[in-house]
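Below is coords.txt, holding compact mmCIF, C-alpha atoms.
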# COMPACT_ATOMS: atom_id res chain seq x y z
CA MET A 11 42.15 -47.14 -43.25
CA GLY A 12 40.58 -46.47 -46.63
CA ASN A 13 41.07 -42.76 -45.97
CA LEU A 14 44.82 -43.28 -46.31
CA ASN A 15 44.81 -44.93 -49.76
CA ASN A 16 46.21 -41.73 -51.27
CA VAL A 17 49.55 -42.19 -49.49
CA TYR A 18 50.47 -44.64 -52.25
CA GLY A 19 49.86 -42.11 -55.07
CA ASP A 20 52.33 -40.09 -57.12
CA VAL A 21 51.41 -36.74 -55.56
CA MET A 22 51.06 -35.67 -51.94
CA PRO A 23 47.44 -35.91 -50.79
CA TYR A 24 45.69 -33.06 -49.03
CA ASN A 25 44.65 -33.15 -45.35
CA ALA A 26 41.26 -34.52 -46.36
CA PRO A 27 40.09 -37.17 -46.00
CA HIS A 28 42.72 -37.78 -43.26
CA THR A 29 45.10 -35.29 -41.65
CA ALA A 30 47.95 -37.85 -41.50
CA GLY A 31 47.84 -38.54 -45.26
CA PRO A 32 50.49 -35.99 -46.30
CA GLY A 33 52.87 -37.14 -43.56
CA PHE A 34 52.58 -40.81 -44.46
CA TRP A 35 53.08 -39.93 -48.13
CA ALA A 36 56.28 -38.00 -47.25
CA LEU A 37 57.60 -40.92 -45.18
CA ARG A 38 57.10 -43.21 -48.19
CA GLN A 39 59.07 -40.79 -50.39
CA ASP A 40 61.99 -40.63 -47.94
CA HIS A 41 62.12 -44.25 -46.83
CA ASP A 42 60.10 -46.33 -49.35
CA CYS A 43 58.40 -47.87 -46.33
CA GLU A 44 55.27 -49.94 -45.93
CA PHE A 45 52.72 -49.45 -43.17
CA GLU A 46 50.99 -51.87 -40.84
CA VAL A 47 47.66 -51.36 -39.13
CA SER A 48 46.45 -52.90 -35.89
CA VAL A 49 42.87 -52.84 -34.71
CA ALA A 50 41.17 -53.76 -31.48
CA GLU A 51 37.54 -53.99 -30.51
CA VAL A 52 36.90 -51.75 -27.51
CA PRO A 53 33.81 -52.36 -25.39
CA GLY A 54 32.00 -49.19 -24.40
CA GLY A 55 31.27 -45.97 -26.19
CA VAL A 56 33.27 -43.31 -27.96
CA ALA A 57 34.54 -41.80 -24.70
CA VAL A 58 36.04 -45.13 -23.63
CA ARG A 59 37.69 -45.63 -27.04
CA LYS A 60 39.17 -42.12 -27.03
CA GLY A 61 40.41 -42.63 -23.48
CA ILE A 62 42.21 -45.81 -24.51
CA GLU A 63 43.70 -44.03 -27.54
CA CYS A 64 45.05 -41.31 -25.22
CA LEU A 65 46.50 -43.94 -22.90
CA VAL A 66 48.30 -45.75 -25.73
CA ILE A 67 49.75 -42.49 -27.09
CA SER A 68 50.88 -41.55 -23.57
CA GLU A 69 52.60 -44.92 -23.17
CA HIS A 70 54.36 -44.37 -26.51
CA ARG A 71 55.64 -40.98 -25.32
CA VAL A 72 57.01 -42.49 -22.11
CA GLU A 73 58.63 -45.45 -23.88
CA HIS A 74 60.19 -43.47 -26.76
CA GLY A 75 60.69 -40.05 -25.14
CA ARG A 76 58.69 -38.26 -27.86
CA SER A 77 55.26 -38.03 -29.44
CA PRO A 78 54.35 -40.24 -32.41
CA THR A 79 55.96 -38.85 -35.57
CA LEU A 80 52.79 -37.59 -37.26
CA SER A 81 50.67 -36.66 -34.24
CA PHE A 82 48.83 -33.34 -34.24
CA GLY A 83 49.29 -32.87 -37.99
CA ARG A 84 53.09 -32.78 -37.85
CA MET A 85 55.16 -33.56 -40.94
CA PRO A 86 58.51 -35.34 -41.23
CA ASP A 87 61.54 -33.01 -41.17
CA GLY A 88 61.99 -31.13 -44.43
CA TRP A 89 58.38 -31.50 -45.61
CA THR A 90 55.38 -29.17 -45.64
CA LYS A 91 51.79 -30.14 -46.37
CA SER A 92 50.31 -29.65 -49.82

Let's see the structure in the file written out as structure tokens.
Amino acid sequence: MGNLNNVYGDVMPYNAPHTAGPGFWALRQDHDCEFEVSVAEVPGGVAVRKGIECLVISEHRVEHGRSPTLSFGRMPDGWTKS
């Protein structure tokens, strides 16, 4: 979560330290929105955690008929990364 602190700055952050930073920054410019974070402890190793992440993203796609807005480095409409 600390990797996304730059989304509250005056200039668009670069992809590092987090690839979603520029997209979240652009959303804040367009919508003056705030963000919420949820966490969950997942028993098991990295493979289990990544599997659960894939499942949750898949469920989002089914429920909303599209991928999450900033998945795979995408940007909101009208924006390009710095």

**Request:** Can you work out the spacing between CA of Lys91 in chain A and CA of Pro23 in chain A in Å, to one decimal?
**Result:** 8.5 Å

**Prompt:** Hey, which of A:Asn25, A:Gly19, A:Val56, A:Leu65 ends up closest to Arg38 in chain A? Count only C-alpha atoms.
**Reply:**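 Among the listed residues, the smallest separation from Arg38 in chain A belongs to A:Gly19.
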
**Request:** Kindly give the distance, in Å, that separates CA of Tyr18 in chain A and CA of Phe45 in chain A, rounded to a single decimal.
**Result:** 10.5 Å

**Message:** Would you pick out the contacts of Asn15 in chain A at 10 Å or less, using only C-alpha atoms, so that residues sharing its chain but fewer than 5 positions from it are not included, and give the list as number ranges by chain?
**Reply:** A: 23, 27-28, 31, 35

Go ahead and write the selection's residues with C-alpha atoms as a short mmCIF file (atom, residue, chain, number, x, y, z; two decimals), keeping the file's coordinate frame.
data_model
loop_
_atom_site.label_atom_id
_atom_site.label_comp_id
_atom_site.auth_asym_id
_atom_site.auth_seq_id
_atom_site.Cartn_x
_atom_site.Cartn_y
_atom_site.Cartn_z
CA PRO A 23 47.44 -35.91 -50.79
CA PRO A 27 40.09 -37.17 -46.00
CA HIS A 28 42.72 -37.78 -43.26
CA GLY A 31 47.84 -38.54 -45.26
CA TRP A 35 53.08 -39.93 -48.13
#

All residues 9 Å or closer to Ile67 in chain A, all atoms listed in the file, same chain fewer than 4 positions away omitted, as a PDB file with C-alpha atoms, keeping the file's coordinate frame:
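Okay, this is what ended up in out-v8.pdb:
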ATOM      1  CA  ILE A  62      42.210 -45.810 -24.510  1.00  0.00           C
ATOM      2  CA  GLU A  63      43.700 -44.030 -27.540  1.00  0.00           C
ATOM      3  CA  ARG A  71      55.640 -40.980 -25.320  1.00  0.00           C
ATOM      4  CA  VAL A  72      57.010 -42.490 -22.110  1.00  0.00           C
ATOM      5  CA  SER A  77      55.260 -38.030 -29.440  1.00  0.00           C
ATOM      6  CA  PRO A  78      54.350 -40.240 -32.410  1.00  0.00           C
TER       7      PRO A  78
END

Padding 6 Å on every side, please: axis-aligned box over the listed atoms of range 15-23 of chain A, centre and edge lengths to one decimal in Å, as lines of an AutoDock Vina configuration file.
center_x = 48.6
center_y = -40.3
center_z = -53.3
size_x = 19.5
size_y = 21.3
size_z = 19.6

**Prompt:** Which residues come within 9 Å of Pro86 in chain A, counting all atoms listed in the file, excluding same-chain residues fewer than 2 positions away, as number ranges by chain?
**Reply:** A: 33-34, 36-37, 79-80, 84, 88-90

Write to file, as a PDB file, in the coordinates of the input, the residues of the selection just made, with C-alpha atoms.
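As a result, out_20.pdb now contains:
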ATOM      1  CA  GLY A  33      52.870 -37.140 -43.560  1.00  0.00           C
ATOM      2  CA  PHE A  34      52.580 -40.810 -44.460  1.00  0.00           C
ATOM      3  CA  ALA A  36      56.280 -38.000 -47.250  1.00  0.00           C
ATOM      4  CA  LEU A  37      57.600 -40.920 -45.180  1.00  0.00           C
ATOM      5  CA  THR A  79      55.960 -38.850 -35.570  1.00  0.00           C
ATOM      6  CA  LEU A  80      52.790 -37.590 -37.260  1.00  0.00           C
ATOM      7  CA  ARG A  84      53.090 -32.780 -37.850  1.00  0.00           C
ATOM      8  CA  GLY A  88      61.990 -31.130 -44.430  1.00  0.00           C
ATOM      9  CA  TRP A  89      58.380 -31.500 -45.610  1.00  0.00           C
ATOM     10  CA  THR A  90      55.380 -29.170 -45.640  1.00  0.00           C
TER      11      THR A  90
END

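Proximity ranking of A:Ala30, A:Gln39, A:Glu44, A:Pro53 relative to Met85 in chain A places A:Ala30 first, based on only C-alpha atoms.
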
Taking (50.8, -32.5, -50.7) in the coordinates of the supplied file, I want to know which residues reach to within 7 Å of it, counting only C-alpha atoms; could you give the answer as a tab-separated table (two decimals) with C-alpha atoms, in the frame of the given file?
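The result, written out as selection_7.tsv:
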chain	number	residue	atom	x	y	z
A	21	VAL	CA	51.41	-36.74	-55.56
A	22	MET	CA	51.06	-35.67	-51.94
A	23	PRO	CA	47.44	-35.91	-50.79
A	24	TYR	CA	45.69	-33.06	-49.03
A	32	PRO	CA	50.49	-35.99	-46.30
A	91	LYS	CA	51.79	-30.14	-46.37
A	92	SER	CA	50.31	-29.65	-49.82

**Message:** Quick check, in Å to one decimal: how far apart do CA of Asp42 in chain A and CA of Glu69 in chain A lie?
**Reply:**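 If I compute the distance from CA of Asp42 in chain A to CA of Glu69 in chain A, I get 27.3 Å.
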